[in-house]
>>> print(open('input-v4.pdb').read())   # PDB, C-alpha atoms and all ligand atoms
ATOM      1  CA  MET A  15     -36.478  53.154 -33.447
ATOM      2  CA  ARG A  16     -39.810  51.316 -33.547
ATOM      3  CA  PRO A  17     -42.264  53.306 -35.724
ATOM      4  CA  ILE A  18     -45.401  54.849 -34.182
ATOM      5  CA  PRO A  19     -48.046  52.064 -34.133
ATOM      6  CA  ASP A  20     -50.385  52.183 -37.124
ATOM      7  CA  TRP A  21     -53.550  51.667 -35.031
ATOM      8  CA  LEU A  22     -52.942  55.000 -33.279
ATOM      9  CA  VAL A  23     -55.130  57.989 -34.162
ATOM     10  CA  VAL A  24     -52.501  60.720 -33.963
ATOM     11  CA  GLU A  25     -54.605  63.830 -34.502
ATOM     12  CA  SER A  26     -57.840  63.410 -32.634
ATOM     13  CA  VAL A  27     -61.002  65.260 -33.564
ATOM     14  CA  SER A  28     -62.926  64.011 -30.575
ATOM     15  CA  ASP A  29     -62.574  61.813 -27.514
ATOM     16  CA  THR A  30     -65.528  59.933 -26.062
ATOM     17  CA  GLU A  31     -65.374  58.406 -22.590
ATOM     18  CA  ILE A  32     -66.761  54.906 -22.817
ATOM     19  CA  GLY A  33     -66.403  53.951 -19.182
ATOM     20  CA  VAL A  34     -64.276  53.524 -16.079
ATOM     21  CA  VAL A  35     -61.895  50.548 -16.253
ATOM     22  CA  THR A  36     -60.745  50.597 -12.635
ATOM     23  CA  THR A  37     -60.141  52.870  -9.728
ATOM     24  CA  GLY A  38     -56.819  51.678  -8.430
ATOM     25  CA  LYS A  39     -54.671  52.619  -5.475
ATOM     26  CA  GLU A  40     -53.768  56.033  -6.775
ATOM     27  CA  ALA A  41     -55.137  56.327 -10.252
ATOM     28  CA  GLN A  42     -58.380  55.938 -12.117
ATOM     29  CA  ILE A  43     -58.284  54.358 -15.571
ATOM     30  CA  ASP A  44     -60.901  55.457 -18.076
ATOM     31  CA  LEU A  45     -61.533  53.890 -21.459
ATOM     32  CA  VAL A  46     -61.690  56.538 -24.154
ATOM     33  CA  GLU A  47     -62.533  56.182 -27.828
ATOM     34  CA  ARG A  48     -60.521  58.585 -29.959
ATOM     35  CA  THR A  49     -61.749  59.596 -33.420
ATOM     36  CA  GLY A  50     -59.489  61.110 -36.069
ATOM     37  CA  HIS A  51     -60.089  63.366 -39.093
ATOM     38  CA  ASP A  52     -60.651  60.449 -41.429
ATOM     39  CA  GLY A  53     -63.185  58.858 -39.071
ATOM     40  CA  ARG A  54     -60.721  56.231 -37.857
ATOM     41  CA  THR A  55     -61.006  55.343 -34.186
ATOM     42  CA  CYS A  56     -58.775  53.786 -31.543
ATOM     43  CA  LEU A  57     -59.135  52.892 -27.881
ATOM     44  CA  VAL A  58     -57.092  54.774 -25.304
ATOM     45  CA  ALA A  59     -56.580  54.019 -21.608
ATOM     46  CA  ARG A  60     -56.484  57.328 -19.769
ATOM     47  CA  LYS A  61     -54.753  57.021 -16.408
ATOM     48  CA  ARG A  62     -55.614  59.926 -14.155
ATOM     49  CA  TYR A  63     -53.706  60.270 -10.933
ATOM     50  CA  LEU A  64     -55.801  61.112  -7.935
ATOM     51  CA  PRO A  65     -54.844  64.536  -6.629
ATOM     52  CA  ARG A  66     -52.523  64.378  -3.639
ATOM     53  CA  GLU A  67     -53.795  67.319  -1.700
ATOM     54  CA  VAL A  68     -57.421  66.331  -1.758
ATOM     55  CA  HIS A  69     -58.355  63.576   0.641
ATOM     56  CA  ASN A  70     -61.954  64.424   1.181
ATOM     57  CA  LYS A  71     -64.282  62.059  -0.656
ATOM     58  CA  GLY A  72     -66.689  64.806  -1.671
ATOM     59  CA  GLU A  73     -63.906  66.874  -3.198
ATOM     60  CA  LEU A  74     -62.630  63.871  -5.127
ATOM     61  CA  GLU A  75     -66.077  63.148  -6.445
ATOM     62  CA  ALA A  76     -66.402  66.789  -7.476
ATOM     63  CA  LEU A  77     -63.201  66.325  -9.492
ATOM     64  CA  GLY A  78     -64.776  63.357 -11.218
ATOM     65  CA  PHE A  79     -63.069  60.534  -9.301
ATOM     66  CA  GLN A  80     -65.088  57.664  -7.971
ATOM     67  CA  ARG A  81     -63.114  56.715  -4.905
ATOM     68  CA  ALA A  82     -60.794  58.414  -2.488
ATOM     69  CA  SER A  83     -57.229  57.220  -2.418
ATOM     70  CA  THR A  84     -53.769  58.238  -1.402
ATOM     71  CA  PHE A  85     -50.837  58.827  -3.665
ATOM     72  CA  ARG A  86     -47.726  56.685  -3.547
ATOM     73  CA  HIS A  87     -45.202  59.348  -2.854
ATOM     74  CA  ASP A  88     -42.297  57.523  -1.363
ATOM     75  CA  VAL A  89     -39.058  59.448  -1.346
ATOM     76  CA  ARG A  90     -37.115  56.178  -1.771
ATOM     77  CA  TYR A  91     -38.437  55.808  -5.296
ATOM     78  CA  ARG A  92     -37.533  59.350  -6.292
ATOM     79  CA  GLU A  93     -33.875  59.062  -5.441
ATOM     80  CA  GLY A  94     -31.679  59.445  -8.506
ATOM     81  CA  ARG A  95     -34.283  61.686 -10.121
ATOM     82  CA  GLN A  96     -32.941  65.127  -9.440
ATOM     83  CA  PHE A  97     -34.275  68.499 -10.420
ATOM     84  CA  ARG A  98     -31.571  70.183 -12.428
ATOM     85  CA  LYS A  99     -32.454  73.810 -11.703
ATOM     86  CA  SER A 100     -31.716  74.900  -8.128
ATOM     87  CA  ARG A 101     -34.888  77.007  -8.183
ATOM     88  CA  ASP A 102     -36.899  73.850  -8.886
ATOM     89  CA  ARG A 103     -35.045  71.873  -6.225
ATOM     90  CA  ARG A 104     -35.805  74.489  -3.586
ATOM     91  CA  ALA A 105     -39.448  74.640  -4.606
ATOM     92  CA  VAL A 106     -39.723  70.874  -4.209
ATOM     93  CA  GLU A 107     -37.912  70.874  -0.861
ATOM     94  CA  ARG A 108     -40.173  73.596   0.482
ATOM     95  CA  MET A 109     -43.212  71.922  -1.075
ATOM     96  CA  THR A 110     -44.529  75.170  -2.510
ATOM     97  CA  THR A 111     -47.482  74.983  -4.883
ATOM     98  CA  TYR A 112     -45.036  75.213  -7.777
ATOM     99  CA  GLY A 113     -42.886  72.478  -6.211
ATOM    100  CA  LYS A 114     -45.869  70.147  -5.850
ATOM    101  CA  HIS A 115     -46.783  70.824  -9.446
ATOM    102  CA  LEU A 116     -43.242  69.924 -10.517
ATOM    103  CA  LEU A 117     -43.351  66.674  -8.552
ATOM    104  CA  GLN A 118     -46.698  65.675 -10.008
ATOM    105  CA  ASP A 119     -45.492  66.478 -13.498
ATOM    106  CA  ARG A 120     -42.321  64.493 -12.958
ATOM    107  CA  TRP A 121     -44.394  61.553 -11.848
ATOM    108  CA  THR A 122     -46.485  61.155 -15.018
ATOM    109  CA  GLY A 123     -43.485  62.236 -17.101
ATOM    110  CA  HIS A 124     -41.358  59.604 -15.421
ATOM    111  CA  GLU A 125     -43.873  56.826 -16.040
ATOM    112  CA  TYR A 126     -44.151  57.980 -19.662
ATOM    113  CA  ASP A 127     -40.358  58.056 -20.119
ATOM    114  CA  VAL A 128     -39.818  54.591 -18.650
ATOM    115  CA  MET A 129     -42.659  53.051 -20.684
ATOM    116  CA  SER A 130     -41.387  54.731 -23.868
ATOM    117  CA  ALA A 131     -37.878  53.416 -23.339
ATOM    118  CA  LEU A 132     -39.181  49.907 -22.656
ATOM    119  CA  TRP A 133     -41.602  49.990 -25.588
ATOM    120  CA  GLN A 134     -38.672  50.989 -27.800
ATOM    121  CA  ALA A 135     -36.639  48.141 -26.327
ATOM    122  CA  GLY A 136     -39.360  45.745 -27.481
ATOM    123  CA  LEU A 137     -41.118  44.986 -24.191
ATOM    124  CA  THR A 138     -44.814  44.070 -24.296
ATOM    125  CA  VAL A 139     -46.035  47.234 -22.628
ATOM    126  CA  PRO A 140     -48.987  49.472 -23.615
ATOM    127  CA  TYR A 141     -47.763  52.100 -26.079
ATOM    128  CA  PRO A 142     -47.448  55.369 -24.123
ATOM    129  CA  ILE A 143     -49.230  58.048 -26.167
ATOM    130  CA  GLU A 144     -48.930  61.250 -24.179
ATOM    131  CA  TYR A 145     -48.818  62.692 -20.678
ATOM    132  CA  GLY A 146     -49.894  65.813 -18.825
ATOM    133  CA  THR A 147     -49.721  67.034 -15.251
ATOM    134  CA  ASP A 148     -51.865  64.273 -13.767
ATOM    135  CA  VAL A 149     -52.785  62.174 -16.755
ATOM    136  CA  LEU A 150     -51.069  59.531 -18.843
ATOM    137  CA  GLU A 151     -52.587  58.162 -22.053
ATOM    138  CA  LEU A 152     -51.776  54.592 -22.991
ATOM    139  CA  GLU A 153     -52.684  51.980 -25.545
ATOM    140  CA  PHE A 154     -55.744  50.182 -24.200
ATOM    141  CA  VAL A 155     -55.076  46.496 -23.621
ATOM    142  CA  GLY A 156     -58.372  44.786 -24.273
ATOM    143  CA  ASP A 157     -61.284  45.452 -26.576
ATOM    144  CA  ARG A 158     -64.686  47.106 -26.562
ATOM    145  CA  ASP A 159     -66.061  44.348 -24.372
ATOM    146  CA  GLY A 160     -63.569  44.991 -21.612
ATOM    147  CA  ALA A 161     -60.027  45.412 -20.410
ATOM    148  CA  ALA A 162     -57.522  42.583 -20.373
ATOM    149  CA  PRO A 163     -57.602  40.623 -17.091
ATOM    150  CA  GLN A 164     -54.842  41.062 -14.571
ATOM    151  CA  LEU A 165     -52.635  37.967 -14.439
ATOM    152  CA  ARG A 166     -54.092  37.047 -11.012
ATOM    153  CA  SER A 167     -57.550  36.595 -12.564
ATOM    154  CA  ALA A 168     -56.601  35.330 -16.020
ATOM    155  CA  ARG A 169     -57.441  31.693 -15.119
ATOM    156  CA  LEU A 170     -54.504  30.185 -16.978
ATOM    157  CA  ASP A 171     -54.041  26.422 -17.129
ATOM    158  CA  ALA A 172     -50.634  24.794 -16.553
ATOM    159  CA  VAL A 173     -49.528  25.381 -20.149
ATOM    160  CA  GLY A 174     -50.656  29.015 -20.044
ATOM    161  CA  LEU A 175     -48.891  29.566 -16.719
ATOM    162  CA  ALA A 176     -45.636  28.137 -18.054
ATOM    163  CA  ASP A 177     -45.952  30.394 -21.101
ATOM    164  CA  ALA A 178     -46.670  33.443 -18.919
ATOM    165  CA  TYR A 179     -43.661  32.616 -16.746
ATOM    166  CA  ALA A 180     -41.367  32.303 -19.761
ATOM    167  CA  GLN A 181     -42.643  35.716 -20.934
ATOM    168  CA  LEU A 182     -42.054  37.126 -17.448
ATOM    169  CA  VAL A 183     -38.407  36.026 -17.550
ATOM    170  CA  ASP A 184     -37.957  37.519 -21.060
ATOM    171  CA  GLY A 185     -39.684  40.746 -20.007
ATOM    172  CA  LEU A 186     -37.630  41.124 -16.828
ATOM    173  CA  THR A 187     -34.471  40.498 -18.826
ATOM    174  CA  LEU A 188     -35.399  43.358 -21.185
ATOM    175  CA  ILE A 189     -36.312  45.690 -18.310
ATOM    176  CA  VAL A 190     -33.094  45.022 -16.415
ATOM    177  CA  SER A 191     -30.961  45.225 -19.585
ATOM    178  CA  ALA A 192     -32.450  48.675 -20.121
ATOM    179  CA  GLY A 193     -31.324  49.569 -16.574
ATOM    180  CA  TRP A 194     -34.688  49.611 -14.768
ATOM    181  CA  ALA A 195     -36.382  47.898 -11.860
ATOM    182  CA  HIS A 196     -40.194  47.979 -11.990
ATOM    183  CA  GLY A 197     -40.545  48.461  -8.239
ATOM    184  CA  ASP A 198     -44.128  47.187  -7.839
ATOM    185  CA  LEU A 199     -44.279  44.014  -9.889
ATOM    186  CA  SER A 200     -47.094  41.639  -9.017
ATOM    187  CA  ALA A 201     -49.926  39.651 -10.558
ATOM    188  CA  TYR A 202     -51.945  42.912 -10.375
ATOM    189  CA  ASN A 203     -49.505  44.851 -12.571
ATOM    190  CA  LEU A 204     -49.265  42.183 -15.266
ATOM    191  CA  LEU A 205     -52.090  41.735 -17.758
ATOM    192  CA  TRP A 206     -52.853  38.747 -19.967
ATOM    193  CA  TRP A 207     -54.170  39.471 -23.458
ATOM    194  CA  ASP A 208     -53.745  37.835 -26.867
ATOM    195  CA  ASP A 209     -51.581  35.143 -25.240
ATOM    196  CA  ARG A 210     -49.149  37.828 -24.196
ATOM    197  CA  LEU A 211     -48.012  39.058 -20.804
ATOM    198  CA  TRP A 212     -48.263  42.867 -20.592
ATOM    199  CA  PHE A 213     -46.232  44.882 -18.093
ATOM    200  CA  ILE A 214     -48.010  47.957 -16.680
ATOM    201  CA  ASP A 215     -47.901  50.545 -13.866
ATOM    202  CA  PHE A 216     -44.413  52.073 -13.909
ATOM    203  CA  PRO A 217     -44.582  55.349 -11.898
ATOM    204  CA  GLN A 218     -42.269  53.990  -9.201
ATOM    205  CA  ALA A 219     -39.774  52.356 -11.597
ATOM    206  CA  VAL A 220     -36.195  53.092 -10.574
ATOM    207  CA  ASP A 221     -32.940  53.424 -12.424
ATOM    208  CA  ILE A 222     -30.944  50.540 -10.953
ATOM    209  CA  ALA A 223     -27.620  52.337 -11.266
ATOM    210  CA  ALA A 224     -28.793  55.693  -9.873
ATOM    211  CA  ASN A 225     -30.999  54.510  -7.028
ATOM    212  CA  PRO A 226     -29.169  53.035  -4.012
ATOM    213  CA  MET A 227     -32.141  50.724  -3.402
ATOM    214  CA  GLY A 228     -32.506  49.727  -7.053
ATOM    215  CA  LEU A 229     -31.309  46.169  -6.503
ATOM    216  CA  ASP A 230     -33.488  45.760  -3.419
ATOM    217  CA  PHE A 231     -36.537  46.741  -5.440
ATOM    218  CA  LEU A 232     -35.538  44.358  -8.218
ATOM    219  CA  HIS A 233     -35.001  41.534  -5.723
ATOM    220  CA  ARG A 234     -38.376  42.140  -4.089
ATOM    221  CA  ASP A 235     -40.118  42.199  -7.492
ATOM    222  CA  VAL A 236     -38.501  38.978  -8.646
ATOM    223  CA  VAL A 237     -39.118  37.034  -5.425
ATOM    224  CA  ASN A 238     -42.682  38.336  -5.177
ATOM    225  CA  VAL A 239     -43.753  37.355  -8.642
ATOM    226  CA  CYS A 240     -41.820  34.046  -8.630
ATOM    227  CA  ASP A 241     -43.626  33.112  -5.410
ATOM    228  CA  TRP A 242     -46.924  33.789  -7.162
ATOM    229  CA  PHE A 243     -46.022  31.426 -10.007
ATOM    230  CA  GLY A 244     -44.529  28.906  -7.562
ATOM    231  CA  ARG A 245     -47.801  28.707  -5.602
ATOM    232  CA  ARG A 246     -49.511  27.798  -8.874
ATOM    233  CA  GLY A 247     -47.205  24.915  -9.631
ATOM    234  CA  VAL A 248     -44.643  26.570 -11.894
ATOM    235  CA  ASP A 249     -41.084  25.453 -11.207
ATOM    236  CA  THR A 250     -39.388  28.725 -10.247
ATOM    237  CA  ASP A 251     -36.515  29.918  -8.124
ATOM    238  CA  GLY A 252     -36.621  33.637  -7.363
ATOM    239  CA  GLU A 253     -33.041  33.796  -6.091
ATOM    240  CA  ALA A 254     -31.708  32.026  -9.166
ATOM    241  CA  LEU A 255     -33.676  34.335 -11.473
ATOM    242  CA  PHE A 256     -32.409  37.374  -9.556
ATOM    243  CA  ALA A 257     -28.819  36.157 -10.034
ATOM    244  CA  GLN A 258     -29.501  35.548 -13.725
ATOM    245  CA  LEU A 259     -30.827  39.115 -14.064
ATOM    246  CA  LEU A 260     -27.811  40.622 -12.325
ATOM    247  CA  ALA A 261     -25.718  39.105 -15.096
ATOM    248  CA  VAL A 262     -27.554  41.057 -17.842
ATOM    249  CA  MET A 263     -27.198  44.447 -16.174
TER     250      MET A 263
HETATM  251  N1  LIG A 301     -53.365  50.236 -20.708
HETATM  252  C1  LIG A 301     -54.270  49.538 -20.038
HETATM  253  N2  LIG A 301     -55.168  48.767 -20.686
HETATM  254  C2  LIG A 301     -56.096  48.065 -19.987
HETATM  255  N3  LIG A 301     -56.218  48.073 -18.649
HETATM  256  C3  LIG A 301     -55.354  48.819 -17.947
HETATM  257  C4  LIG A 301     -54.340  49.594 -18.595
HETATM  258  N4  LIG A 301     -53.627  50.241 -17.657
HETATM  259  C5  LIG A 301     -54.175  49.898 -16.472
HETATM  260  N5  LIG A 301     -55.210  49.040 -16.634
HETATM  261  C6  LIG A 301     -56.040  48.453 -15.575
HETATM  262  O1  LIG A 301     -56.149  49.383 -14.513
HETATM  263  C7  LIG A 301     -55.542  48.871 -13.319
HETATM  264  C8  LIG A 301     -54.854  50.007 -12.573
HETATM  265  O2  LIG A 301     -53.846  50.570 -13.374
HETATM  266  P1  LIG A 301     -52.377  50.740 -12.826
HETATM  267  O3  LIG A 301     -51.554  51.370 -13.920
HETATM  268  O4  LIG A 301     -51.893  49.446 -12.289
HETATM  269  O5  LIG A 301     -52.549  51.838 -11.688
HETATM  270  P2  LIG A 301     -52.615  51.716 -10.075
HETATM  271  O6  LIG A 301     -52.479  50.270  -9.692
HETATM  272  O7  LIG A 301     -51.479  52.533  -9.613
HETATM  273  O8  LIG A 301     -53.931  52.316  -9.746
HETATM  274  C9  LIG A 301     -54.604  47.782 -13.809
HETATM  275  O9  LIG A 301     -54.337  46.813 -12.841
HETATM  276  C10 LIG A 301     -55.364  47.218 -14.992
HETATM  277  O10 LIG A 301     -56.357  46.300 -14.550
HETATM  278 MG    MG A 302     -51.367  48.802 -10.444
END
>>> encode(input="input-v4.pdb", output="structure tokens", more="lines below")
Ligand SMILES: Nc1ncnc2c1ncn2[C@@H]1O[C@H](COP(=O)(O)OP(=O)(O)O)[C@@H](O)[C@H]1O
Ligand SMILES: [Mg+2]
Amino acid sequence: MRPIPDWLVVESVSDTEIGVVTTGKEAQIDLVERTGHDGRTCLVARKRYLPREVHNKGELEALGFQRASTFRHDVRYREGRQFRKSRDRRAVERMTTYGKHLLQDRWTGHEYDVMSALWQAGLTVPYPIEYGTDVLELEFVGDRDGAAPQLRSARLDAVGLADAYAQLVDGLTLIVSAGWAHGDLSAYNLLWWDDRLWFIDFPQAVDIAANPMGLDFLHRDVVNVCDWFGRRGVDTDGEALFAQLLAVM
């Protein structure tokens, strides 16, 4: 087991919102400074999922969100993630208030679980701190002056791109060895910071063995991100990398 990171303020006395990092497709990321008993501080990225039921801009703003959005809620991604209790299954099928609550909880809990497993496996992924019904707290990648850039805007030169690609291959190898497919891998969901490639945004990650479309998602991820590197002059072959990854499963 990797030990809890030493920068982390475990028992917080106060949290101060420093600003909004981004409002993405279905979540808003806030930068929070956490202070502990001994006065130590750390930076936390707080990912808040936009509520599913509310689509009215005014209502969203009343809840403190800056932009309306829709939730990715695709049944294909949820396959292989069953509710063990039949009472819970029925509630989800009938979409009762309780069922919706369960689904939402599973969503942040799922992202937390996948990121924890991958952090433990040694992947460069923000340390997942905690989750609640519609919130996930992560290590903030960046510093007080701003968040790490997404790979697409990191302005890497040829040497940097080759380095990022090598890290992509290592990262994918770890993810697949652990049995997961990211499911939405792109130059938006990779960050570049401290000369390292950070993998983020895992709510739709699927268990390759349990999900009948697991390999399709993996294939799409690999081809998608290899194409991105290929267009920037990196010598890549998505199909060959996919085959290489199948061998580590
Ligand atoms: N831990 C983090 N540290 C710094 N920036 C982050 C972090 N997590 C997310 N971001 C930024 O917020 C954006 C949106 O977060 P993401 O998890 O991809 O949610 P979504 O794309 O579903 O809205 C990311 O592309 C990245 O720019
Ligand atoms: Mg994203």
>>> residues_around(input="input-v4.pdb", residues="segment 241-255 of chain A", least_positions_apart="2", cutoff="10 Å", atoms="all atoms listed in the file", output="MDAnalysis selection string")
chainID A and resid 166 170:173 175:176 178:179 183 186:187 200:201 233:239 257:261
>>> atom_distance(input="input-v4.pdb", atom1="atom CA of Gly156 of chain A", atom2="atom CA of Ala135 of chain A")
22.1 Å
>>> atom_distance(input="input-v4.pdb", atom1="atom CA of Val128 of chain A", atom2="atom CA of Arg54 of chain A")
28.4 Å
>>> closest_atom_pairs(input="input-v4.pdb", of="chain A", to="ligand MG 302 (chain A)", cutoff="6 Å", atoms="all atoms listed in the file", output="Markdown table")
| residue | atom | partner | partner_atom | distance |
| --- | --- | --- | --- | --- |
| A:Tyr202 | CA | A:MG302 | MG | 5.9 |
| A:Asn203 | CA | A:MG302 | MG | 4.9 |
| A:Asp215 | CA | A:MG302 | MG | 5.2 |
>>> atom_distance(input="input-v4.pdb", atom1="atom O6 of ligand LIG 301 (chain A)", atom2="atom CA of Gly136 of chain A")
22.6 Å
>>> closest_residue(input="input-v4.pdb", among="A:Gly50, A:Pro226, A:Pro17, A:Gly197", to="ligand LIG 301 (chain A)", atoms="only C-alpha atoms and all ligand atoms")
A:Gly197
>>> closest_residue(input="input-v4.pdb", among="A:Arg16, A:Arg158, A:His124, A:Arg104", to="Cys56 of chain A", atoms="all atoms listed in the file")
A:Arg158
>>> residues_near_point(input="input-v4.pdb", point="(-48.0, 68.2, -18.0)", cutoff="8 Å", atoms="all atoms listed in the file", output="JSON list (two decimals) with C-alpha atoms, in the coordinates of the input")
[["chain", "number", "residue", "atom", "x", "y", "z"],
["A", 119, "ASP", "CA", -45.49, 66.48, -13.50],
["A", 122, "THR", "CA", -46.48, 61.16, -15.02],
["A", 123, "GLY", "CA", -43.48, 62.24, -17.10],
["A", 145, "TYR", "CA", -48.82, 62.69, -20.68],
["A", 146, "GLY", "CA", -49.89, 65.81, -18.82],
["A", 147, "THR", "CA", -49.72, 67.03, -15.25],
["A", 148, "ASP", "CA", -51.86, 64.27, -13.77],
["A", 149, "VAL", "CA", -52.78, 62.17, -16.76]]
>>> residues_near_ligand(input="input-v4.pdb", ligand="ligand LIG 301 (chain A)", cutoff="7 Å", atoms="only C-alpha atoms and all ligand atoms", output="ChimeraX atom specification")
/A:35-43,59,61,140,152-156,161-164,202-203,205,214-215
>>> residues_around(input="input-v4.pdb", residues="Met129 of chain A", least_positions_apart="2", cutoff="9 Å", atoms="all atoms listed in the file", output="count of residues only")
16
>>> closest_residue(input="input-v4.pdb", among="A:Arg210, A:Arg101, A:Arg169, A:Arg48", to="Gln181 of chain A", atoms="all atoms listed in the file")
A:Arg210
>>> resolve_selection(input="input-v4.pdb", expression="the PyMOL selection byres (((chain A and resi 196) around 9) and not hetatm)", output="list in words")
Leu186, Ile189, Val190, Trp194, Ala195, Gly197, Asp198, Leu199, Asp215, Phe216, Pro217, Gln218, Ala219, Val220, Phe231, Leu232 and Asp235 of chain A
>>> closest_residue(input="input-v4.pdb", among="A:Thr55, A:Ile18, A:Thr30, A:Asp184", to="Ser130 of chain A", atoms="all atoms listed in the file")
A:Ile18
